[in-house]
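Only one structure is covered here, and it is reproduced in the block below.
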Amino acid sequence: MTQNCLCGKSLIDLAIVGAGPGGLTAGLYGARAGLHTVVYGDPYEGQLARAGTVENFPTQTGSPTGLSIIEKMVEHAGEFDYELIEKKVKQISRNLHDGHNIFTLTMENGDCTCAYSVILATGTKYKKLGVKGEEEYYAKGVSYCTICDGPLYKDLPVAIVGFGDEAIMAALRMANIASHVYFVGSKPKIGGDPNLRAEIENEESITIYEDVRILEISGGSDGNVNQLILKQRGNQVSLEIGAAFIEVGVLPSSAIASGVGIELTGQFIKVDHSQATNVHGFFAAGDITGGQGRQAVISAGDGAKAAISTIDYIKRLGVSHSKLKTTQWGSIKGNQKAKQKQTVLASKSGNALYDYVHSDEGFAAGYQRYEPDDKLIREFVTKMPTGKIVTVSAHWCPDCRRNVPRMAKITEEFTHWDIVVEDRDKEGVREKYNIRKIPTFIIFDKDGNEINRIIENPKYQSLEEDLIKIADGNY
Ligand SMILES: Cc1cc2nc3c(=O)[nH]c(=O)nc-3n(C[C@H](O)[C@H](O)[C@H](O)COP(=O)(O)OP(=O)(O)OC[C@H]3O[C@@H](n4cnc5c(N)ncnc54)[C@H](O)[C@@H]3O)c2cc1C
């Protein structure tokens, strides 16, 4: 069937884009029904990974974190026969063959896949404010997530810039952490929920500025944010801050489907009651559909519905090479990948990062899943046979849970390196290493001089590529 695929690959039955509750649930249903299913996306990038405590996901008692729920979803998915590929899809296109659609998904790294059907579950991403300093000071005090980064600014004054209930909740959250919170209302009136509004007004450690225009976020000589400059009723005000959290809403991540001819409502994907779009074979689930109440359980339900609709669609087409089950409710486990489930192992290699990662099941599972680029690692070690790498991490941070296990696997080959792990929550670590975002990987040369740092996520395609750029002196 390769001739029907624009990039000459075999066709799969179902490509799911998005590894949040919508995509992972759809994957489970698709794979259980016997569809050849692949899920693209990064579970740590979705909203649930950044949700903090979640009290309303059925079966999840004891107020777990969203991060732990998404890790359980990944583990559950691992029990079934579908692939989770942590790559970003850049564009989806469509061509017609034998009267039905074929979808081509092109990844950011140029790889491509063809599928008879697609479920789009790409959720939403944070809106930018669009002011001077916002880009420049990102990860140096500008953040879009109080849950991910709030604890980094303990005992410092911070600003929350926004207007809605989520911004108010962020301010209330930070009131327990920061030395003072400035709530900077970027619209004439803040909040919708009167109870939340009353709560923020009664909170002594929050000062409210309503109906302001933000002029600039600026920084000091250390390169970190130190001021928010705004205009309120003609007066210019400068607030001394350690961080500015932008909470001005979300935008649906629907642009990758613009070439398919999907009908939108605003920028959200328009679907019917079966999660079908106007294009045959193309379904959508979760926050991307802009349905009422963006919630994890709703996205998961949408994902299940979208997959059931896809199963029916593929059966009607009669194209699948897989053995489709007659119902999707049978007890069918895939290749039992769950048997490989990680147990917590410690002190195997004497590498501090390995031990750190294997003291936590979620980290250990990420370590297992990662396939490092051995060629690039060997190249790096040839360029820099010795040195020191300090990893500053915390267990609650989504980007740490993605990248720290990967770095642990990469540094296994750093046999002549000094490998140090520092827990960000330990007294004095933030100040000692001047940390504004985690994870931070600090690379020192053999003489102990800092040569560079990888902050939060790789700048290039992978941590391995970043390391090569650092070794070459052009990071
Ligand atoms: C602070 C906060 C608190 C919350 N609290 C709760 C709560 O208490 N209870 C609750 O039920 N809900 C809560 N939510 C909402 C909930 O997290 C979301 O409704 C839910 O995660 C949406 O699921 P989704 O699968 O639609 O999208 P997401 O979870 O956002 O997942 C989107 C996925 O798409 C992937 N993706 C995006 N673009 C691409 C691309 N181009 N290529 C490949 N993959 C891509 C991402 O990597 C990610 O894996 C909260 C959200 C936030 C931000």
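Residue names in the structure tokens use chain letters A, B, ... in the order shown, residue numbers from 1 in each chain, and ligand numbers from 1 in the order shown.
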Contacts of ligand 1, 8 Å or closer, only C-alpha atoms and all ligand atoms, given as a ChimeraX atom specification: /A:17-24,40-57,66,86-91,107,121-125,145-147,166,170,253-254,256,285-288,293-300,303
Dump as a tab-separated table (two decimals), in the first residue's frame, selection limited to C-alpha atoms:
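Writing done, so here's out-v9.tsv:
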chain	number	residue	atom	x	y	z
A	17	VAL	CA	-1.84	13.28	17.45
A	18	GLY	CA	-1.62	14.22	21.12
A	19	ALA	CA	-0.57	12.25	24.19
A	20	GLY	CA	-2.81	13.85	26.81
A	21	PRO	CA	-5.92	12.15	28.27
A	22	GLY	CA	-7.75	12.48	24.92
A	23	GLY	CA	-5.03	10.91	22.75
A	24	LEU	CA	-3.91	8.23	25.21
A	40	TYR	CA	2.38	11.02	18.53
A	41	GLY	CA	3.02	13.52	21.29
A	42	ASP	CA	4.64	14.19	24.60
A	43	PRO	CA	2.62	13.26	27.72
A	44	TYR	CA	4.56	15.85	29.77
A	45	GLU	CA	3.61	18.67	27.44
A	46	GLY	CA	-0.16	18.42	27.85
A	47	GLN	CA	-2.26	20.46	30.27
A	48	LEU	CA	-2.85	17.58	32.68
A	49	ALA	CA	0.87	17.30	33.38
A	50	ARG	CA	0.69	20.92	34.55
A	51	ALA	CA	-2.59	20.69	36.43
A	52	GLY	CA	-1.32	20.35	40.01
A	53	THR	CA	-3.76	18.54	42.29
A	54	VAL	CA	-6.71	16.87	40.59
A	55	GLU	CA	-9.70	15.95	42.73
A	56	ASN	CA	-12.25	15.12	40.06
A	57	PHE	CA	-10.85	12.28	37.98
A	66	GLY	CA	-2.19	15.58	37.21
A	86	GLU	CA	7.33	11.36	21.36
A	87	LYS	CA	7.68	13.44	18.21
A	88	LYS	CA	5.94	16.64	17.16
A	89	VAL	CA	3.75	16.61	14.06
A	90	LYS	CA	4.40	19.68	11.92
A	91	GLN	CA	1.70	19.31	9.29
A	107	MET	CA	7.07	15.39	11.76
A	121	ALA	CA	-6.13	15.53	20.39
A	122	THR	CA	-3.55	18.29	20.57
A	123	GLY	CA	-5.23	20.33	23.32
A	124	THR	CA	-4.38	23.96	23.87
A	125	LYS	CA	-1.31	26.04	24.59
A	145	CYS	CA	2.69	27.96	34.66
A	146	THR	CA	2.58	28.64	38.40
A	147	ILE	CA	2.28	24.93	39.10
A	166	GLU	CA	-7.52	30.73	36.21
A	170	ALA	CA	-2.75	31.18	40.09
A	253	SER	CA	-3.26	23.77	18.79
A	254	SER	CA	-5.17	23.25	15.55
A	256	ILE	CA	-1.21	21.55	11.98
A	285	ALA	CA	-11.07	14.81	20.90
A	286	GLY	CA	-10.57	16.85	24.04
A	287	ASP	CA	-9.75	20.51	24.61
A	288	ILE	CA	-9.01	21.04	20.91
A	293	GLY	CA	-15.63	22.66	30.51
A	294	ARG	CA	-12.09	21.75	29.58
A	295	GLN	CA	-11.51	18.78	31.90
A	296	ALA	CA	-9.33	15.67	31.79
A	297	VAL	CA	-12.23	13.25	32.17
A	298	ILE	CA	-14.12	14.94	29.32
A	299	SER	CA	-11.05	14.69	27.05
A	300	ALA	CA	-10.64	11.03	27.97
A	303	GLY	CA	-10.94	10.12	23.09
Who sits within 12 Å of region 446-452 of chain A, only C-alpha atoms, same chain under 6 positions skipped, as number ranges by chain: A: 384-390, 416-418, 433, 440, 466-475
Contacts of Leu317 (chain A) at 12 Å (only C-alpha atoms; same-chain gap of 2+ positions) as a PyMOL selection string: chain A and resi 13+97-102+116-117+280-281+310-315+319-321
Would you output that residue set with N, CA, C and O atoms, as a short mmCIF file (atom, residue, chain, number, x, y, z; two decimals), in the first residue's frame?
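again-v4.cif written:
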data_model
loop_
_atom_site.label_atom_id
_atom_site.label_comp_id
_atom_site.auth_asym_id
_atom_site.auth_seq_id
_atom_site.Cartn_x
_atom_site.Cartn_y
_atom_site.Cartn_z
N ASP A 13 -3.51 2.11 10.34
CA ASP A 13 -4.96 2.35 10.42
C ASP A 13 -5.28 3.71 11.04
O ASP A 13 -6.11 4.46 10.55
N HIS A 97 -7.66 8.52 -2.41
CA HIS A 97 -7.28 7.32 -3.16
C HIS A 97 -8.46 6.36 -3.10
O HIS A 97 -8.95 6.05 -2.01
N ASP A 98 -8.91 5.85 -4.27
CA ASP A 98 -10.04 4.90 -4.32
C ASP A 98 -11.27 5.44 -3.59
O ASP A 98 -11.98 4.70 -2.90
N GLY A 99 -11.46 6.73 -3.63
CA GLY A 99 -12.66 7.33 -3.03
C GLY A 99 -12.58 7.53 -1.53
O GLY A 99 -13.56 7.92 -0.90
N HIS A 100 -11.44 7.25 -0.91
CA HIS A 100 -11.34 7.57 0.53
C HIS A 100 -10.06 8.35 0.81
O HIS A 100 -9.11 8.37 0.01
N ASN A 101 -10.06 8.99 1.97
CA ASN A 101 -8.93 9.87 2.31
C ASN A 101 -7.73 9.10 2.82
O ASN A 101 -7.89 8.09 3.53
N ILE A 102 -6.56 9.62 2.48
CA ILE A 102 -5.31 9.14 3.09
C ILE A 102 -4.62 10.36 3.67
O ILE A 102 -4.54 11.42 3.03
N TYR A 116 -4.96 5.81 7.40
CA TYR A 116 -6.33 5.88 6.88
C TYR A 116 -7.19 6.82 7.71
O TYR A 116 -8.20 7.34 7.23
N SER A 117 -6.82 6.98 8.98
CA SER A 117 -7.65 7.85 9.83
C SER A 117 -6.76 8.59 10.83
O SER A 117 -5.65 8.13 11.15
N HIS A 280 -14.04 13.02 6.09
CA HIS A 280 -14.14 11.59 6.39
C HIS A 280 -12.83 11.03 6.88
O HIS A 280 -11.78 11.26 6.27
N GLY A 281 -12.88 10.31 7.99
CA GLY A 281 -11.67 9.68 8.54
C GLY A 281 -10.90 10.57 9.49
O GLY A 281 -9.91 10.14 10.06
N THR A 310 -13.82 5.77 14.98
CA THR A 310 -12.78 5.43 13.99
C THR A 310 -12.81 3.94 13.68
O THR A 310 -12.64 3.53 12.52
N ILE A 311 -13.01 3.13 14.72
CA ILE A 311 -13.06 1.66 14.51
C ILE A 311 -14.17 1.33 13.50
O ILE A 311 -13.97 0.59 12.54
N ASP A 312 -15.34 1.95 13.71
CA ASP A 312 -16.46 1.71 12.79
C ASP A 312 -16.10 2.18 11.38
O ASP A 312 -16.40 1.51 10.39
N TYR A 313 -15.45 3.34 11.29
CA TYR A 313 -15.07 3.91 9.99
C TYR A 313 -14.12 2.96 9.26
O TYR A 313 -14.31 2.65 8.08
N ILE A 314 -13.09 2.48 9.97
CA ILE A 314 -12.09 1.60 9.33
C ILE A 314 -12.74 0.28 8.90
O ILE A 314 -12.46 -0.25 7.82
N LYS A 315 -13.66 -0.22 9.73
CA LYS A 315 -14.35 -1.47 9.35
C LYS A 315 -15.15 -1.26 8.08
O LYS A 315 -15.14 -2.09 7.17
N VAL A 319 -10.24 -1.62 4.78
CA VAL A 319 -8.87 -1.49 4.28
C VAL A 319 -7.81 -2.05 5.22
O VAL A 319 -6.68 -2.29 4.81
N SER A 320 -8.19 -2.25 6.47
CA SER A 320 -7.16 -2.57 7.46
C SER A 320 -6.51 -3.91 7.19
O SER A 320 -7.17 -4.87 6.81
N HIS A 321 -5.20 -3.97 7.39
CA HIS A 321 -4.47 -5.23 7.29
C HIS A 321 -4.41 -5.92 8.63
O HIS A 321 -3.93 -7.02 8.75
#
The residue from A:Gly27, A:Pro151, A:Pro405, A:Gly191 with the smallest atom-to-atom distance to Ile119 (chain A), counting only C-alpha atoms, is A:Gly27
Please report, as an NGL selection string, each residue of region 8-191 of chain A to which DSSP assigns strand (DSSP E) when run on this structure's backbone. :A and (11-17 or 37-40 or 83-85 or 89-97 or 100-107 or 112-120 or 124-126 or 142-143 or 157-162 or 180-185)
So how many Å separate CA of Ala33 (chain A) and CA of Gly78 (chain A), to one decimal?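 Distance reported for this atom pair: 15.2 Å.
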Residues near Lys128 (chain A), cut-off 10 Å, only C-alpha atoms, skip fewer than 5 positions along chain, as an MDAnalysis selection string: chainID A and resid 134:135 144 246:251
Expected file: the selected residues, all heavy atoms, as an mmCIF file, in the first residue's frame:
data_model
loop_
_atom_site.group_PDB
_atom_site.id
_atom_site.type_symbol
_atom_site.label_atom_id
_atom_site.label_comp_id
_atom_site.auth_asym_id
_atom_site.auth_seq_id
_atom_site.Cartn_x
_atom_site.Cartn_y
_atom_site.Cartn_z
ATOM 1 N N GLU A 134 8.980 39.807 27.169
ATOM 2 C CA GLU A 134 8.343 38.500 27.412
ATOM 3 C C GLU A 134 9.176 37.354 26.840
ATOM 4 O O GLU A 134 9.422 36.356 27.516
ATOM 5 C CB GLU A 134 6.936 38.500 26.802
ATOM 6 C CG GLU A 134 6.145 37.236 27.087
ATOM 7 C CD GLU A 134 4.744 37.289 26.488
ATOM 8 O OE1 GLU A 134 4.471 38.191 25.656
ATOM 9 O OE2 GLU A 134 3.924 36.420 26.847
ATOM 10 N N GLU A 135 9.626 37.495 25.599
ATOM 11 C CA GLU A 135 10.448 36.441 24.967
ATOM 12 C C GLU A 135 11.826 36.406 25.607
ATOM 13 O O GLU A 135 12.335 35.347 25.950
ATOM 14 C CB GLU A 135 10.629 36.735 23.462
ATOM 15 C CG GLU A 135 9.355 36.715 22.644
ATOM 16 C CD GLU A 135 8.905 35.308 22.309
ATOM 17 O OE1 GLU A 135 9.735 34.401 22.383
ATOM 18 O OE2 GLU A 135 7.712 35.132 22.003
ATOM 19 N N TYR A 144 4.571 30.658 32.220
ATOM 20 C CA TYR A 144 3.137 30.544 31.924
ATOM 21 C C TYR A 144 2.492 29.514 32.839
ATOM 22 O O TYR A 144 1.366 29.099 32.590
ATOM 23 C CB TYR A 144 2.933 30.160 30.443
ATOM 24 C CG TYR A 144 3.539 31.189 29.528
ATOM 25 C CD1 TYR A 144 4.881 31.144 29.193
ATOM 26 C CD2 TYR A 144 2.775 32.256 29.066
ATOM 27 C CE1 TYR A 144 5.462 32.128 28.406
ATOM 28 C CE2 TYR A 144 3.345 33.240 28.271
ATOM 29 C CZ TYR A 144 4.694 33.172 27.953
ATOM 30 O OH TYR A 144 5.256 34.164 27.181
ATOM 31 N N ILE A 246 2.341 34.744 33.273
ATOM 32 C CA ILE A 246 1.343 35.219 32.307
ATOM 33 C C ILE A 246 0.200 34.206 32.278
ATOM 34 O O ILE A 246 0.413 33.031 31.977
ATOM 35 C CB ILE A 246 1.963 35.325 30.885
ATOM 36 C CG1 ILE A 246 3.363 35.954 30.908
ATOM 37 C CG2 ILE A 246 1.024 36.041 29.922
ATOM 38 C CD1 ILE A 246 3.451 37.379 31.277
ATOM 39 N N GLU A 247 -0.999 34.693 32.567
ATOM 40 C CA GLU A 247 -2.180 33.805 32.632
ATOM 41 C C GLU A 247 -3.307 34.453 31.842
ATOM 42 O O GLU A 247 -4.313 34.872 32.412
ATOM 43 C CB GLU A 247 -2.620 33.616 34.099
ATOM 44 C CG GLU A 247 -1.637 32.872 34.965
ATOM 45 C CD GLU A 247 -1.804 31.356 34.876
ATOM 46 O OE1 GLU A 247 -2.775 30.895 34.252
ATOM 47 O OE2 GLU A 247 -0.953 30.651 35.451
ATOM 48 N N VAL A 248 -3.113 34.573 30.523
ATOM 49 C CA VAL A 248 -4.113 35.291 29.715
ATOM 50 C C VAL A 248 -4.917 34.352 28.809
ATOM 51 O O VAL A 248 -5.467 34.777 27.802
ATOM 52 C CB VAL A 248 -3.472 36.439 28.898
ATOM 53 C CG1 VAL A 248 -3.002 37.563 29.800
ATOM 54 C CG2 VAL A 248 -2.315 35.937 28.037
ATOM 55 N N GLY A 249 -4.991 33.078 29.179
ATOM 56 C CA GLY A 249 -5.842 32.143 28.443
ATOM 57 C C GLY A 249 -5.060 31.218 27.538
ATOM 58 O O GLY A 249 -3.827 31.200 27.557
ATOM 59 N N VAL A 250 -5.810 30.451 26.764
ATOM 60 C CA VAL A 250 -5.180 29.426 25.920
ATOM 61 C C VAL A 250 -5.655 29.544 24.469
ATOM 62 O O VAL A 250 -6.691 30.138 24.193
ATOM 63 C CB VAL A 250 -5.519 27.997 26.432
ATOM 64 C CG1 VAL A 250 -4.877 27.723 27.764
ATOM 65 C CG2 VAL A 250 -7.019 27.750 26.474
ATOM 66 N N LEU A 251 -4.855 28.952 23.590
ATOM 67 C CA LEU A 251 -5.204 28.890 22.161
ATOM 68 C C LEU A 251 -5.207 27.424 21.741
ATOM 69 O O LEU A 251 -4.309 26.674 22.143
ATOM 70 C CB LEU A 251 -4.122 29.585 21.343
ATOM 71 C CG LEU A 251 -4.147 31.093 21.248
ATOM 72 C CD1 LEU A 251 -2.901 31.558 20.499
ATOM 73 C CD2 LEU A 251 -5.400 31.561 20.521
#
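With distances restricted to only C-alpha atoms, A:Leu376 is the closest residue to Ile410 (chain A) from A:Ile438, A:Met174, A:Cys397, A:Leu376.
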Residues flagged alpha helix (DSSP H) by DSSP in region 4-223 of chain A, as a VMD selection string: chain A and resid 21 to 32 66 to 77 146 to 149 165 to 175 194 to 202
Set the distance at 12 Å and use only C-alpha atoms: which residues neighbour Lys154 (chain A) once local chain neighbours fewer than 5 positions away are removed? I'd like the list as a ChimeraX atom specification. /A:146,149,173-181,241-243,424-425,427-428,430-431,436
For the residues in that selection, give me all heavy atoms as a compact mmCIF listing (two decimals), in the first residue's frame.
# COMPACT_ATOMS: atom_id res chain seq x y z
N THR A 146 2.22 28.50 36.98
CA THR A 146 2.58 28.64 38.40
C THR A 146 2.82 27.27 39.03
O THR A 146 3.62 27.14 39.95
CB THR A 146 1.48 29.37 39.18
OG1 THR A 146 0.23 28.76 38.88
CG2 THR A 146 1.44 30.84 38.86
N ASP A 149 6.44 26.23 37.85
CA ASP A 149 7.57 27.08 38.22
C ASP A 149 7.38 27.86 39.52
O ASP A 149 8.34 28.44 40.03
CB ASP A 149 7.85 28.09 37.09
CG ASP A 149 8.20 27.39 35.79
OD1 ASP A 149 8.74 26.28 35.86
OD2 ASP A 149 7.92 27.95 34.72
N ARG A 173 -2.66 30.61 44.56
CA ARG A 173 -1.64 29.56 44.73
C ARG A 173 -0.31 30.21 45.14
O ARG A 173 0.36 29.79 46.07
CB ARG A 173 -1.50 28.83 43.39
CG ARG A 173 -0.79 27.52 43.46
CD ARG A 173 -0.81 26.84 42.09
NE ARG A 173 -2.14 26.48 41.63
CZ ARG A 173 -2.65 26.83 40.44
NH1 ARG A 173 -1.94 27.53 39.58
NH2 ARG A 173 -3.86 26.47 40.10
N MET A 174 0.04 31.29 44.42
CA MET A 174 1.34 31.92 44.68
C MET A 174 1.36 32.68 46.01
O MET A 174 2.43 32.93 46.56
CB MET A 174 1.71 32.87 43.52
CG MET A 174 2.15 32.16 42.26
SD MET A 174 3.44 30.90 42.49
CE MET A 174 4.85 31.88 42.98
N ALA A 175 0.17 33.04 46.51
CA ALA A 175 0.12 33.75 47.80
C ALA A 175 0.71 32.89 48.92
O ALA A 175 1.20 33.41 49.92
CB ALA A 175 -1.32 34.14 48.12
N ASN A 176 0.67 31.57 48.74
CA ASN A 176 1.24 30.67 49.76
C ASN A 176 2.74 30.46 49.58
O ASN A 176 3.37 29.80 50.39
CB ASN A 176 0.58 29.29 49.67
CG ASN A 176 -0.88 29.36 50.02
OD1 ASN A 176 -1.24 30.09 50.94
ND2 ASN A 176 -1.71 28.64 49.28
N ILE A 177 3.28 30.96 48.49
CA ILE A 177 4.69 30.66 48.17
C ILE A 177 5.54 31.94 48.16
O ILE A 177 6.60 32.00 48.76
CB ILE A 177 4.77 29.98 46.77
CG1 ILE A 177 4.01 28.65 46.78
CG2 ILE A 177 6.22 29.77 46.35
CD1 ILE A 177 3.89 27.99 45.42
N ALA A 178 5.03 32.95 47.44
CA ALA A 178 5.84 34.17 47.21
C ALA A 178 5.79 35.09 48.43
O ALA A 178 4.93 34.95 49.30
CB ALA A 178 5.27 34.90 45.99
N SER A 179 6.73 36.06 48.48
CA SER A 179 6.70 37.02 49.60
C SER A 179 5.54 38.00 49.40
O SER A 179 4.94 38.47 50.37
CB SER A 179 8.02 37.77 49.67
OG SER A 179 8.24 38.47 48.46
N HIS A 180 5.20 38.30 48.14
CA HIS A 180 4.05 39.15 47.85
C HIS A 180 3.60 38.88 46.41
O HIS A 180 4.42 38.53 45.56
CB HIS A 180 4.41 40.64 47.99
CG HIS A 180 3.18 41.50 48.05
ND1 HIS A 180 2.42 41.65 49.19
CD2 HIS A 180 2.55 42.20 47.08
CE1 HIS A 180 1.37 42.43 48.92
NE2 HIS A 180 1.43 42.77 47.64
N VAL A 181 2.30 39.01 46.17
CA VAL A 181 1.78 38.78 44.82
C VAL A 181 1.10 40.06 44.32
O VAL A 181 0.25 40.62 45.01
CB VAL A 181 0.76 37.62 44.80
CG1 VAL A 181 0.16 37.44 43.41
CG2 VAL A 181 1.40 36.32 45.28
N ILE A 241 9.84 42.77 40.98
CA ILE A 241 9.40 41.37 41.04
C ILE A 241 10.56 40.41 40.71
O ILE A 241 11.52 40.81 40.07
CB ILE A 241 8.24 41.09 40.05
CG1 ILE A 241 8.63 41.54 38.63
CG2 ILE A 241 6.94 41.72 40.50
CD1 ILE A 241 7.76 40.99 37.54
N GLY A 242 10.36 39.16 41.14
CA GLY A 242 11.32 38.12 40.77
C GLY A 242 10.81 37.29 39.60
O GLY A 242 11.58 36.60 38.93
N ALA A 243 9.49 37.35 39.38
CA ALA A 243 8.90 36.56 38.28
C ALA A 243 7.58 37.16 37.84
O ALA A 243 6.85 37.75 38.64
CB ALA A 243 8.68 35.11 38.71
N ARG A 424 16.27 20.70 43.60
CA ARG A 424 15.94 22.12 43.63
C ARG A 424 15.30 22.54 44.96
O ARG A 424 15.45 23.68 45.41
CB ARG A 424 15.03 22.45 42.44
CG ARG A 424 14.23 23.71 42.48
CD ARG A 424 15.08 24.97 42.66
NE ARG A 424 14.26 26.11 43.00
CZ ARG A 424 13.89 26.44 44.22
NH1 ARG A 424 14.23 25.73 45.26
NH2 ARG A 424 13.14 27.52 44.42
N ASP A 425 14.58 21.61 45.59
CA ASP A 425 13.86 21.97 46.81
C ASP A 425 14.78 22.04 48.03
O ASP A 425 14.34 22.43 49.11
CB ASP A 425 12.73 20.97 47.07
CG ASP A 425 11.66 21.08 45.99
OD1 ASP A 425 11.57 22.15 45.36
OD2 ASP A 425 10.93 20.09 45.77
N GLU A 427 17.39 23.57 50.49
CA GLU A 427 17.78 24.93 50.89
C GLU A 427 19.08 25.36 50.19
O GLU A 427 20.07 24.62 50.21
CB GLU A 427 17.98 24.90 52.42
CG GLU A 427 18.07 26.25 53.07
CD GLU A 427 16.71 26.93 53.19
OE1 GLU A 427 15.70 26.21 53.30
OE2 GLU A 427 16.69 28.17 53.15
N GLY A 428 19.06 26.51 49.56
CA GLY A 428 20.30 27.10 49.04
C GLY A 428 20.66 26.70 47.61
O GLY A 428 21.53 27.32 47.00
N ARG A 430 18.88 26.92 44.77
CA ARG A 430 18.51 27.95 43.79
C ARG A 430 19.59 29.04 43.74
O ARG A 430 20.04 29.44 42.66
CB ARG A 430 17.17 28.58 44.18
CG ARG A 430 16.71 29.67 43.23
CD ARG A 430 15.42 30.32 43.66
NE ARG A 430 15.59 31.20 44.79
CZ ARG A 430 14.59 31.69 45.54
NH1 ARG A 430 13.35 31.32 45.29
NH2 ARG A 430 14.82 32.50 46.54
N GLU A 431 20.00 29.49 44.91
CA GLU A 431 20.98 30.58 44.97
C GLU A 431 22.35 30.10 44.49
O GLU A 431 23.03 30.78 43.72
CB GLU A 431 21.10 31.12 46.40
CG GLU A 431 19.84 31.80 46.93
CD GLU A 431 18.76 30.81 47.37
OE1 GLU A 431 19.05 29.59 47.46
OE2 GLU A 431 17.62 31.24 47.62
N ARG A 436 16.51 29.51 37.58
CA ARG A 436 15.22 30.17 37.32
C ARG A 436 14.24 29.24 36.64
O ARG A 436 13.10 29.62 36.38
CB ARG A 436 15.42 31.39 36.41
CG ARG A 436 16.25 32.47 37.02
CD ARG A 436 15.41 33.24 38.01
NE ARG A 436 16.24 33.82 39.05
CZ ARG A 436 15.85 34.79 39.86
NH1 ARG A 436 14.64 35.29 39.74
NH2 ARG A 436 16.62 35.25 40.80
Pick from A:Leu228, A:Ala255, A:Val421, A:Ala171, whichever lies nearest to Glu204 (chain A) using only C-alpha atoms: A:Ala171
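Closest to Ala284 (chain A) among A:Lys459, A:Lys270, A:Arg369, A:Lys375 is A:Lys270, based on only C-alpha atoms.
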What gap, in Å, lies between CA of Asn235 (chain A) and CA of Gly223 (chain A)?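 For CA of Asn235 (chain A) relative to CA of Gly223 (chain A), the distance reads 26.9 Å.
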Measuring atom to atom with only C-alpha atoms, identify which of A:Ala276, A:Ala364, A:Val260, A:Val225 is nearest to Tyr138 (chain A).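 Among the listed residues, the smallest separation from Tyr138 (chain A) belongs to A:Val225.
The space between CA of Arg233 (chain A) and CA of Lys140 (chain A) spans 29.3 Å.
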Show me, as JSON, numbers by chain, the residues that have an atom within 7 Å of Ile208 (chain A) when counting only C-alpha atoms, minus same-chain residues fewer than 3 positions from it. {"A": [182, 183, 184]}
Let me see the file: selected residues, C-alpha atoms, as a CSV table (one decimal), in the first residue's frame.
chain,number,residue,atom,x,y,z
A,182,TYR,CA,0.8,41.6,42.5
A,183,PHE,CA,-2.3,40.7,40.5
A,184,VAL,CA,-2.1,42.7,37.4
Near Val271 (chain A), within 12 Å and counting only C-alpha atoms, which residues show up once chain neighbours fewer than 2 positions away are dropped, as an MDAnalysis selection string? chainID A and resid 119:120 262:265 268:269 273:280 282:291 302 305:306 309
Given only C-alpha atoms as the counted atoms, nearest of A:Asp445, A:Tyr354, A:Glu201, A:Ser359 to Val404 (chain A): A:Tyr354
